[in-house]
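The file data_3.cif comes next; it holds mmCIF, C-alpha atoms and all ligand atoms.
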data_my_file
loop_
_atom_site.label_atom_id
_atom_site.label_comp_id
_atom_site.auth_asym_id
_atom_site.auth_seq_id
_atom_site.Cartn_x
_atom_site.Cartn_y
_atom_site.Cartn_z
CA MET A 1 -23.86 -20.11 -8.31
CA GLY A 2 -24.75 -19.41 -11.94
CA GLY A 3 -21.57 -17.63 -13.10
CA THR A 4 -19.11 -19.86 -11.26
CA GLN A 5 -16.90 -22.43 -12.92
CA THR A 6 -13.95 -24.50 -11.80
CA PRO A 7 -10.89 -22.25 -11.50
CA GLY A 8 -8.34 -23.15 -14.16
CA ALA A 9 -10.88 -24.67 -16.56
CA ARG A 10 -10.85 -21.59 -18.79
CA ASP A 11 -9.89 -17.93 -18.60
CA TYR A 12 -11.49 -16.24 -15.62
CA HIS A 13 -12.01 -12.57 -14.86
CA LEU A 14 -12.10 -10.84 -11.50
CA LEU A 15 -13.72 -7.43 -11.31
CA ALA A 16 -12.21 -5.55 -8.38
CA ILE A 17 -13.18 -2.38 -6.52
CA GLU A 18 -11.03 -0.28 -4.17
CA THR A 19 -12.41 2.71 -2.22
CA SER A 20 -10.62 2.51 1.14
CA CYS A 21 -9.19 6.04 1.17
CA ASP A 22 -9.04 8.79 -1.43
CA GLU A 23 -8.83 6.83 -4.68
CA THR A 24 -11.87 5.35 -6.43
CA SER A 25 -10.64 2.43 -8.49
CA ALA A 26 -12.03 -0.46 -10.52
CA ALA A 27 -10.05 -3.12 -12.37
CA VAL A 28 -10.53 -6.21 -14.47
CA VAL A 29 -7.83 -8.87 -14.11
CA ARG A 30 -7.68 -12.07 -16.17
CA ASN A 31 -6.45 -15.30 -14.59
CA GLY A 32 -5.23 -13.47 -11.49
CA ARG A 33 -2.28 -11.79 -13.18
CA GLU A 34 -3.15 -10.10 -16.44
CA VAL A 35 -4.42 -6.55 -15.92
CA LEU A 36 -7.00 -5.79 -18.63
CA ALA A 37 -8.04 -2.47 -17.07
CA ASN A 38 -7.10 -0.58 -13.90
CA LEU A 39 -8.90 2.74 -13.63
CA VAL A 40 -8.03 5.10 -10.77
CA SER A 41 -9.84 8.34 -10.02
CA SER A 42 -7.82 10.29 -7.47
CA GLN A 43 -9.40 12.84 -5.14
CA ILE A 44 -6.07 14.39 -4.20
CA ASP A 45 -6.90 17.76 -5.75
CA THR A 46 -10.03 17.98 -3.60
CA HIS A 47 -8.30 17.03 -0.34
CA ARG A 48 -5.15 19.08 -0.97
CA GLN A 49 -6.86 22.33 0.05
CA PHE A 50 -7.49 20.79 3.51
CA GLY A 51 -3.93 19.46 3.88
CA GLY A 52 -5.08 15.84 4.18
CA VAL A 53 -7.93 13.43 3.48
CA VAL A 54 -11.34 14.54 4.80
CA PRO A 55 -13.32 11.30 5.37
CA GLU A 56 -16.80 12.69 4.72
CA ILE A 57 -15.71 14.30 1.46
CA ALA A 58 -13.92 11.09 0.44
CA SER A 59 -17.15 9.07 0.82
CA ARG A 60 -19.18 11.54 -1.24
CA LYS A 61 -16.59 11.60 -3.99
CA HIS A 62 -16.58 7.78 -4.12
CA VAL A 63 -20.37 7.81 -4.55
CA GLU A 64 -20.02 10.29 -7.43
CA SER A 65 -17.30 8.31 -9.21
CA ILE A 66 -17.92 4.62 -8.59
CA THR A 67 -20.45 3.92 -11.37
CA VAL A 68 -18.48 5.80 -14.02
CA ILE A 69 -15.21 4.13 -13.00
CA LEU A 70 -16.82 0.67 -13.05
CA GLU A 71 -18.34 1.23 -16.50
CA GLU A 72 -15.08 2.61 -17.83
CA ALA A 73 -13.04 -0.30 -16.44
CA LEU A 74 -15.39 -2.82 -18.04
CA ARG A 75 -15.39 -0.96 -21.36
CA LYS A 76 -11.60 -0.72 -21.40
CA SER A 77 -11.14 -4.38 -20.47
CA GLY A 78 -13.13 -5.47 -23.50
CA ILE A 79 -15.14 -8.02 -21.49
CA GLY A 80 -18.86 -7.89 -20.80
CA LEU A 81 -20.65 -8.22 -17.48
CA ALA A 82 -21.49 -11.82 -18.40
CA ASP A 83 -17.74 -12.60 -18.45
CA VAL A 84 -17.19 -11.49 -14.84
CA ASP A 85 -16.53 -14.60 -12.71
CA ALA A 86 -16.24 -12.94 -9.29
CA VAL A 87 -16.36 -9.49 -7.72
CA ALA A 88 -13.56 -8.52 -5.33
CA VAL A 89 -13.66 -5.51 -3.05
CA THR A 90 -11.52 -3.91 -0.36
CA GLN A 91 -13.28 -4.80 2.88
CA GLY A 92 -10.73 -3.03 5.11
CA PRO A 93 -8.77 -1.48 6.66
CA GLY A 94 -9.64 2.08 5.68
CA LEU A 95 -12.13 4.87 6.24
CA VAL A 96 -15.47 3.29 7.06
CA GLY A 97 -17.62 5.59 4.91
CA ALA A 98 -15.25 5.22 1.97
CA LEU A 99 -15.08 1.41 2.28
CA LEU A 100 -18.88 1.21 2.43
CA VAL A 101 -19.29 2.71 -1.03
CA GLY A 102 -17.14 0.00 -2.61
CA VAL A 103 -18.65 -2.79 -0.51
CA VAL A 104 -22.22 -1.84 -1.41
CA ALA A 105 -21.35 -1.58 -5.11
CA ALA A 106 -19.57 -4.96 -5.04
CA LYS A 107 -22.39 -6.72 -3.21
CA SER A 108 -24.98 -5.35 -5.64
CA LEU A 109 -22.92 -6.49 -8.63
CA ALA A 110 -22.19 -9.93 -7.20
CA MET A 111 -25.88 -10.43 -6.45
CA ALA A 112 -27.09 -9.14 -9.81
CA LEU A 113 -24.56 -11.23 -11.74
CA ASP A 114 -24.92 -14.25 -9.44
CA VAL A 115 -21.16 -14.63 -9.00
CA PRO A 116 -19.03 -15.00 -5.86
CA LEU A 117 -18.03 -12.00 -3.76
CA ILE A 118 -14.50 -11.79 -2.32
CA GLY A 119 -13.93 -9.32 0.54
CA THR A 120 -10.24 -8.46 0.36
CA HIS A 121 -7.66 -6.99 2.73
CA HIS A 122 -6.13 -3.72 1.52
CA ILE A 123 -2.58 -4.55 2.67
CA ALA A 124 -2.77 -8.03 1.14
CA GLY A 125 -3.56 -6.08 -2.03
CA HIS A 126 -0.45 -3.90 -1.69
CA ILE A 127 1.66 -7.02 -1.11
CA TYR A 128 0.16 -9.07 -3.95
CA ALA A 129 0.55 -6.16 -6.41
CA ASN A 130 3.95 -7.80 -6.73
CA ARG A 131 2.37 -10.89 -8.27
CA LEU A 132 1.23 -8.73 -11.19
CA VAL A 133 4.88 -8.14 -12.06
CA GLY A 134 6.64 -11.38 -11.16
CA GLU A 135 6.56 -14.78 -9.52
CA ILE A 136 6.68 -14.73 -5.71
CA HIS A 137 9.02 -17.25 -4.08
CA TYR A 138 8.32 -18.29 -0.50
CA PRO A 139 9.20 -17.66 2.23
CA ALA A 140 9.04 -14.00 1.27
CA LEU A 141 9.28 -10.80 3.28
CA ALA A 142 7.08 -7.81 2.42
CA LEU A 143 8.05 -4.31 3.47
CA VAL A 144 4.77 -2.41 3.40
CA VAL A 145 5.24 1.36 3.41
CA SER A 146 2.19 3.50 2.74
CA GLY A 147 0.37 6.57 3.98
CA GLY A 148 -1.54 4.54 6.55
CA HIS A 149 0.70 1.50 7.16
CA THR A 150 4.25 0.50 7.90
CA GLU A 151 4.66 -3.21 8.39
CA LEU A 152 7.10 -6.06 7.91
CA VAL A 153 5.09 -9.08 6.84
CA LEU A 154 6.47 -12.60 6.61
CA LEU A 155 4.81 -14.86 4.04
CA GLU A 156 5.82 -18.40 4.90
CA SER A 157 3.69 -19.71 2.05
CA GLU A 158 1.23 -18.28 -0.45
CA GLY A 159 -1.50 -16.22 1.22
CA ARG A 160 -0.27 -16.83 4.79
CA PHE A 161 0.48 -13.49 6.45
CA ARG A 162 2.46 -13.00 9.65
CA ILE A 163 3.18 -9.46 10.84
CA ILE A 164 6.61 -9.41 12.49
CA GLY A 165 6.87 -5.63 12.89
CA ARG A 166 4.68 -2.57 12.63
CA THR A 167 4.77 1.13 13.43
CA ARG A 168 3.95 2.11 16.98
CA ASP A 169 2.87 5.61 15.95
CA ASP A 170 2.99 7.31 12.52
CA ALA A 171 3.14 5.40 9.25
CA VAL A 172 6.13 6.25 7.04
CA GLY A 173 3.99 8.08 4.46
CA GLU A 174 2.25 9.98 7.24
CA ALA A 175 5.63 11.08 8.63
CA TYR A 176 6.68 12.17 5.13
CA ASP A 177 3.47 14.16 4.73
CA LYS A 178 3.87 15.86 8.13
CA VAL A 179 7.51 16.76 7.49
CA ALA A 180 6.55 17.99 4.01
CA ARG A 181 3.97 20.27 5.54
CA ALA A 182 6.61 21.76 7.87
CA LEU A 183 8.74 22.38 4.77
CA HIS A 184 5.75 24.16 3.15
CA PHE A 185 4.93 21.51 0.54
CA PRO A 186 1.34 20.65 -0.41
CA TYR A 187 -0.34 17.34 0.46
CA PRO A 188 0.72 14.61 -0.24
CA GLY A 189 4.27 15.76 0.40
CA GLY A 190 6.24 12.51 0.20
CA PRO A 191 7.38 12.96 -3.41
CA HIS A 192 8.51 16.56 -2.68
CA VAL A 193 10.65 15.51 0.30
CA ASP A 194 12.11 12.68 -1.81
CA ARG A 195 13.07 15.09 -4.61
CA LEU A 196 14.50 17.69 -2.21
CA ALA A 197 16.55 15.04 -0.39
CA ALA A 198 18.05 13.92 -3.71
CA GLU A 199 19.02 17.53 -4.56
CA ALA A 200 20.60 18.25 -1.15
CA GLU A 201 24.31 18.93 -0.91
CA GLY A 202 24.53 18.52 2.85
CA GLU A 203 22.72 16.51 5.49
CA ILE A 204 21.46 17.49 8.90
CA GLU A 205 22.02 14.41 11.07
CA LEU A 206 18.84 13.23 12.78
CA PRO A 207 18.25 10.37 15.25
CA ARG A 208 17.46 6.76 14.21
CA ALA A 209 14.60 5.02 16.04
CA TRP A 210 15.95 1.48 16.29
CA LEU A 211 13.84 0.66 19.41
CA GLU A 212 14.76 -2.54 21.30
CA PRO A 213 17.60 -4.53 19.65
CA GLU A 214 15.36 -7.52 18.74
CA SER A 215 12.37 -5.45 17.66
CA TYR A 216 11.08 -5.24 14.10
CA ASP A 217 8.69 -2.44 15.09
CA PHE A 218 9.03 1.13 13.88
CA SER A 219 8.48 4.60 15.31
CA PHE A 220 8.58 7.80 13.30
CA SER A 221 6.96 10.39 15.54
CA GLY A 222 10.24 11.17 17.33
CA LEU A 223 11.97 11.75 14.00
CA LYS A 224 9.15 14.02 12.84
CA SER A 225 9.48 15.99 16.11
CA ALA A 226 13.25 16.23 15.59
CA VAL A 227 12.63 17.86 12.19
CA LEU A 228 10.21 20.35 13.72
CA ALA A 229 12.63 21.06 16.60
CA GLU A 230 15.44 21.73 14.10
CA ILE A 231 13.26 24.25 12.24
CA ASN A 232 12.28 26.00 15.50
CA ARG A 233 15.85 26.05 16.80
CA SER A 234 17.12 27.74 13.63
CA ARG A 235 14.26 30.24 13.59
CA MET A 236 14.91 31.24 17.18
CA LYS A 237 18.56 31.85 16.38
CA GLY A 238 17.51 33.91 13.35
CA GLU A 239 19.16 31.42 10.97
CA THR A 240 17.69 30.21 7.70
CA VAL A 241 17.03 26.49 7.71
CA ASN A 242 18.49 24.51 4.87
CA PHE A 243 15.33 22.60 3.92
CA ALA A 244 17.17 20.35 1.48
CA SER A 245 19.72 19.20 4.10
CA LEU A 246 16.89 18.66 6.54
CA ALA A 247 14.90 16.62 4.00
CA ARG A 248 18.02 14.54 3.33
CA GLY A 249 18.58 14.00 7.06
CA PHE A 250 14.98 12.86 7.52
CA GLN A 251 15.02 10.59 4.47
CA GLU A 252 18.36 9.00 5.45
CA SER A 253 17.07 8.24 8.94
CA VAL A 254 13.89 6.63 7.56
CA ILE A 255 15.75 4.61 4.94
CA ASP A 256 18.47 3.42 7.37
CA VAL A 257 15.87 2.09 9.78
CA VAL A 258 13.35 0.52 7.40
CA THR A 259 15.95 -1.13 5.19
CA GLY A 260 18.09 -2.10 8.20
CA LYS A 261 15.20 -3.90 9.86
CA ALA A 262 14.01 -5.46 6.60
CA MET A 263 17.44 -6.91 5.84
CA ARG A 264 17.85 -8.24 9.39
CA ALA A 265 14.46 -9.97 9.09
CA ALA A 266 15.31 -11.29 5.62
CA ALA A 267 18.44 -12.94 7.08
CA GLU A 268 16.77 -14.22 10.25
CA PHE A 269 13.87 -15.87 8.40
CA GLY A 270 15.95 -17.00 5.43
CA VAL A 271 13.56 -15.50 2.89
CA ARG A 272 13.90 -16.19 -0.82
CA GLN A 273 12.53 -12.81 -1.85
CA VAL A 274 11.87 -9.31 -0.56
CA LEU A 275 8.75 -7.46 -1.75
CA LEU A 276 8.49 -3.69 -1.48
CA CYS A 277 4.99 -2.22 -1.61
CA GLY A 278 2.70 0.70 -0.73
CA GLY A 279 2.77 4.33 -1.89
CA VAL A 280 6.16 5.10 -0.28
CA ALA A 281 7.70 2.35 -2.45
CA ALA A 282 7.76 5.18 -5.02
CA ASN A 283 10.57 6.77 -2.97
CA ARG A 284 13.70 6.84 -5.09
CA GLY A 285 16.14 6.78 -2.18
CA LEU A 286 14.36 3.80 -0.60
CA ARG A 287 14.23 1.82 -3.84
CA GLU A 288 17.90 2.41 -4.55
CA ARG A 289 19.10 1.47 -1.05
CA LEU A 290 16.92 -1.61 -0.76
CA SER A 291 17.89 -2.87 -4.17
CA ARG A 292 21.59 -2.40 -3.33
CA LEU A 293 21.27 -4.17 0.04
CA CYS A 294 19.24 -7.04 -1.47
CA GLY A 295 21.85 -7.36 -4.22
CA GLU A 296 24.64 -7.59 -1.62
CA ALA A 297 22.66 -10.17 0.39
CA GLY A 298 21.82 -12.18 -2.73
CA VAL A 299 18.06 -11.94 -2.10
CA PRO A 300 15.95 -10.96 -5.14
CA LEU A 301 13.80 -7.85 -4.71
CA LEU A 302 10.41 -7.30 -6.36
CA VAL A 303 8.97 -3.78 -6.64
CA PRO A 304 5.76 -3.01 -8.54
CA PRO A 305 5.69 -0.09 -10.99
CA LEU A 306 4.46 3.19 -9.55
CA SER A 307 0.88 2.76 -10.81
CA LEU A 308 0.58 -0.48 -8.82
CA CYS A 309 2.30 0.91 -5.67
CA THR A 310 -0.32 3.53 -4.90
CA ASP A 311 -3.91 2.50 -4.16
CA ASN A 312 -5.53 0.73 -7.11
CA ALA A 313 -8.05 -2.05 -7.71
CA ALA A 314 -5.79 -4.34 -9.76
CA MET A 315 -3.83 -5.11 -6.58
CA ILE A 316 -7.12 -6.03 -4.88
CA ALA A 317 -7.86 -8.48 -7.69
CA ALA A 318 -4.35 -9.93 -7.34
CA ALA A 319 -4.94 -10.64 -3.63
CA ALA A 320 -8.52 -11.82 -4.18
CA ASP A 321 -7.15 -14.35 -6.65
CA LEU A 322 -5.64 -16.25 -3.68
CA LYS A 323 -9.16 -16.84 -2.40
CA TRP A 324 -10.72 -17.37 -5.83
CA ARG A 325 -8.36 -20.26 -6.60
CA ARG A 326 -9.24 -21.86 -3.25
CA GLY A 327 -12.99 -21.26 -3.51
CA GLU A 328 -12.92 -19.11 -0.34
CA PHE A 329 -15.75 -16.64 -0.90
CA SER A 330 -17.51 -14.03 1.26
CA PRO A 331 -21.20 -13.99 2.20
CA LEU A 332 -23.43 -11.35 0.64
CA ASP A 333 -23.92 -9.71 4.04
CA LEU A 334 -20.20 -8.78 4.06
CA LYS A 335 -19.47 -5.77 6.26
CA ALA A 336 -16.82 -3.10 5.72
CA ASP A 337 -14.19 -3.51 8.45
CA PRO A 338 -12.14 -0.34 9.10
CA GLN A 339 -9.75 -2.18 11.47
CA MET A 340 -9.57 -5.47 9.55
CA PRO A 341 -6.61 -7.59 10.73
CA LEU A 342 -4.29 -8.93 8.01
CA GLU A 343 -3.32 -12.25 9.58
CA ALA A 344 -6.95 -13.35 9.92
CA TRP A 345 -7.42 -12.82 6.18
CA SER A 346 -4.81 -15.51 5.42
CA VAL A 347 -6.01 -18.32 3.14
CA ALA A 348 -7.61 -21.28 4.91
CA SER A 349 -6.13 -23.96 2.66
CA GLU A 350 -2.66 -24.38 1.12
O1 LIG A 401 -0.29 3.51 -0.48
P1 LIG A 401 -0.74 4.90 -0.64
O2 LIG A 401 -1.13 5.36 -2.02
O3 LIG A 401 -1.97 5.20 0.26
C1 LIG A 401 -2.23 4.51 1.43
O4 LIG A 401 -2.79 3.38 1.36
O5 LIG A 401 -1.86 5.06 2.48
O6 LIG A 401 0.42 5.84 -0.07
C2 LIG A 401 0.36 7.25 -0.10
C3 LIG A 401 1.56 7.80 0.67
C4 LIG A 401 1.48 9.30 0.96
O7 LIG A 401 1.76 9.49 2.33
C5 LIG A 401 2.59 9.90 0.08
O8 LIG A 401 3.17 11.06 0.60
C6 LIG A 401 3.57 8.76 0.05
O9 LIG A 401 2.78 7.60 -0.07
N1 LIG A 401 4.52 8.86 -1.08
C7 LIG A 401 5.85 9.04 -0.93
C8 LIG A 401 6.39 9.12 -2.24
N2 LIG A 401 5.37 8.98 -3.14
C9 LIG A 401 4.23 8.82 -2.40
N3 LIG A 401 6.62 9.13 0.17
C10 LIG A 401 7.93 9.28 0.00
N4 LIG A 401 8.52 9.39 -1.21
C11 LIG A 401 7.81 9.31 -2.35
N5 LIG A 401 8.41 9.41 -3.54
ZN ZN A 402 -2.89 1.78 0.39
#
Turn this file's structure into C-alpha cells for me.
Ligand code: KG4
Ligand code: ZN
Amino acid sequence: MGGTQTPGARDYHLLAIETSCDETSAAVVRNGREVLANLVSSQIDTHRQFGGVVPEIASRKHVESITVILEEALRKSGIGLADVDAVAVTQGPGLVGALLVGVVAAKSLAMALDVPLIGTHHIAGHIYANRLVGEIHYPALALVVSGGHTELVLLESEGRFRIIGRTRDDAVGEAYDKVARALHFPYPGGPHVDRLAAEAEGEIELPRAWLEPESYDFSFSGLKSAVLAEINRSRMKGETVNFASLARGFQESVIDVVTGKAMRAAAEFGVRQVLLCGGVAANRGLRERLSRLCGEAGVPLLVPPLSLCTDNAAMIAAAADLKWRRGEFSPLDLKADPQMPLEAWSVASE
C-alpha cells in the first residue's frame, strides 16, 4: 500500500475515530503513545432531555459532527493527510447506527489515502488508554468500569485479552445512572452520586453481591433494586429519605465488590500491574480505595486522566497501535460489529 512503511523506521501517525455511543471523537497519535490531538464532541446535552442515549439521535449527531471533528483533529495535530500512516476506528461493541458512521468515514479515508485500516475493539481502547500515560507490565489486570461494560480482563502478554469476570446484568455506570435517576439527578448521574456519597455523614447499609465464592462476575441489578426499595419503604412510612446516606451506601457496596474481586484476581494471577479504565474510573471513591488496596498489596496501579477515561479516539489509536506494530490490518469491507467479542480481537502474533 502506498502510504505504508515499516513500523519503527520513522515517526508514524495513526488517525483514529470513535463513534460507538454518544461521543464523536477523532484523534491523531504519534508512534502509538504521543497524543497530538484528541477531539471529543459530546452529545450529552441532547440525550439528557430523554434521560439516556437515544440510538437514532446518536447516529444523526455523529453524521453531523464527524467531518468537522476529523478536520479539527488534523488541524490541531499539525500533520497533513499525507502524513497519516493508518486509520483506526471503533468497530464494536456499541450502537450499530453510531458505529456505522465512524466505520464508513474510516473506510473512505483509508481508501482515499491508500493506507491500512485497523478495526478496533472499544474495550481494548479503554484498557490501552493506560499506555498513553505509562508503561504496562505484564501480566496485568484491567478493571473495566463504564456505562456499558463491567469486566475484569487478564492480559497475560501485550494485546492478549482474557475476560475472567463480567457483569451478569447492569454495568456499573448503568447502575449509577439508574440510581441517580431515582435520586432525581440528570443523566449521566454517576458523577452526582459520587459527589453526594462523598458529602454524606451517614450510610444506609445495602447488600453486597459477591455471587459464588470463586466467581469474578458481577451483578448490580439487585443493589439498584435495594436502593429503590429503600426509597419506597421510607415514602410509605412518611419519612424523608436521606439521599446522601443512600448514595454512600450504594457507592460503598459497589466499591467493596469491584475492588474486592479485582484484588483477589490480582493475587490469584500474580499480576504486575492493575489498570483501571472506563468512564466510572472517574469515581473518586473507587480511585481512592483501589489505589490504597494496590498500595497495600504492592501492585502498581495505572489510571488514565479523566479525559482518557471517558470515550475518546486517542484510546482507540492506542489499542490500534498493537495491530499496527504487528502489521495486522483490516479489510476494506470491514463491518461494524455491535456485539464484538474482546478476546477474539487479541493480537495474532507476540
Ligand atoms: O466509558 P463511558 O464514557 O461510556 C461508555 O463507554 O459506557 O462511561 C460513562 C459512564 C456513565 O454511566 C457515567 O454515569 C459514569 O460513566 N460516570 C461515573 C462517574 N463519572 C462518569 N460513575 C460514577 N462516578 C463518577 N464520578
Ligand atoms: Zn466506553
Taking a cut-off of 8 Å and counting all atoms listed in the file, can you build a table that, for each residue of chain A near ligand ZN 402 (chain A), reports the nearest atom pair and how far apart they are in Å (one decimal), sorted by chain then residue number, as a Markdown table?
| residue | atom | partner | partner_atom | distance |
| --- | --- | --- | --- | --- |
| A:Ser20 | CA | A:ZN402 | ZN | 7.8 |
| A:Cys21 | CA | A:ZN402 | ZN | 7.6 |
| A:His122 | CA | A:ZN402 | ZN | 6.5 |
| A:Ile123 | CA | A:ZN402 | ZN | 6.7 |
| A:His126 | CA | A:ZN402 | ZN | 6.5 |
| A:Ser146 | CA | A:ZN402 | ZN | 5.9 |
| A:Gly147 | CA | A:ZN402 | ZN | 6.8 |
| A:Gly148 | CA | A:ZN402 | ZN | 6.9 |
| A:His149 | CA | A:ZN402 | ZN | 7.7 |
| A:Gly278 | CA | A:ZN402 | ZN | 5.8 |
| A:Gly279 | CA | A:ZN402 | ZN | 6.6 |
| A:Thr310 | CA | A:ZN402 | ZN | 6.1 |
| A:Asp311 | CA | A:ZN402 | ZN | 4.7 |
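Among the candidates A:Trp210, A:Phe329, A:Tyr176, A:Phe269, the residue lying nearest to ligand LIG 401 (chain A) is A:Tyr176 (atoms considered: all atoms listed in the file).
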*Would you mind telling me which residue in A:Pro213, A:Pro338, A:Pro300, A:Gly94 lies nearest to ligand LIG 401 (chain A) when using only C-alpha atoms and all ligand atoms?*
A:Gly94
_Can you tell me which residues surround Gly222 (chain A) at a distance of at most 12 Å, considering all atoms listed in the file, apart from same-chain residues fewer than 3 positions away, and format the answer as a ChimeraX atom specification?_
/A:168-170,175,179,206-211,218-219,225-229,250,253-254
*Kindly indicate which residue among A:Leu183, A:Val193, A:Val84, A:Val54 lies nearest to ligand LIG 401 (chain A), using all atoms listed in the file for the distances.*
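Under the stated criterion, the closest residue is A:Val193.
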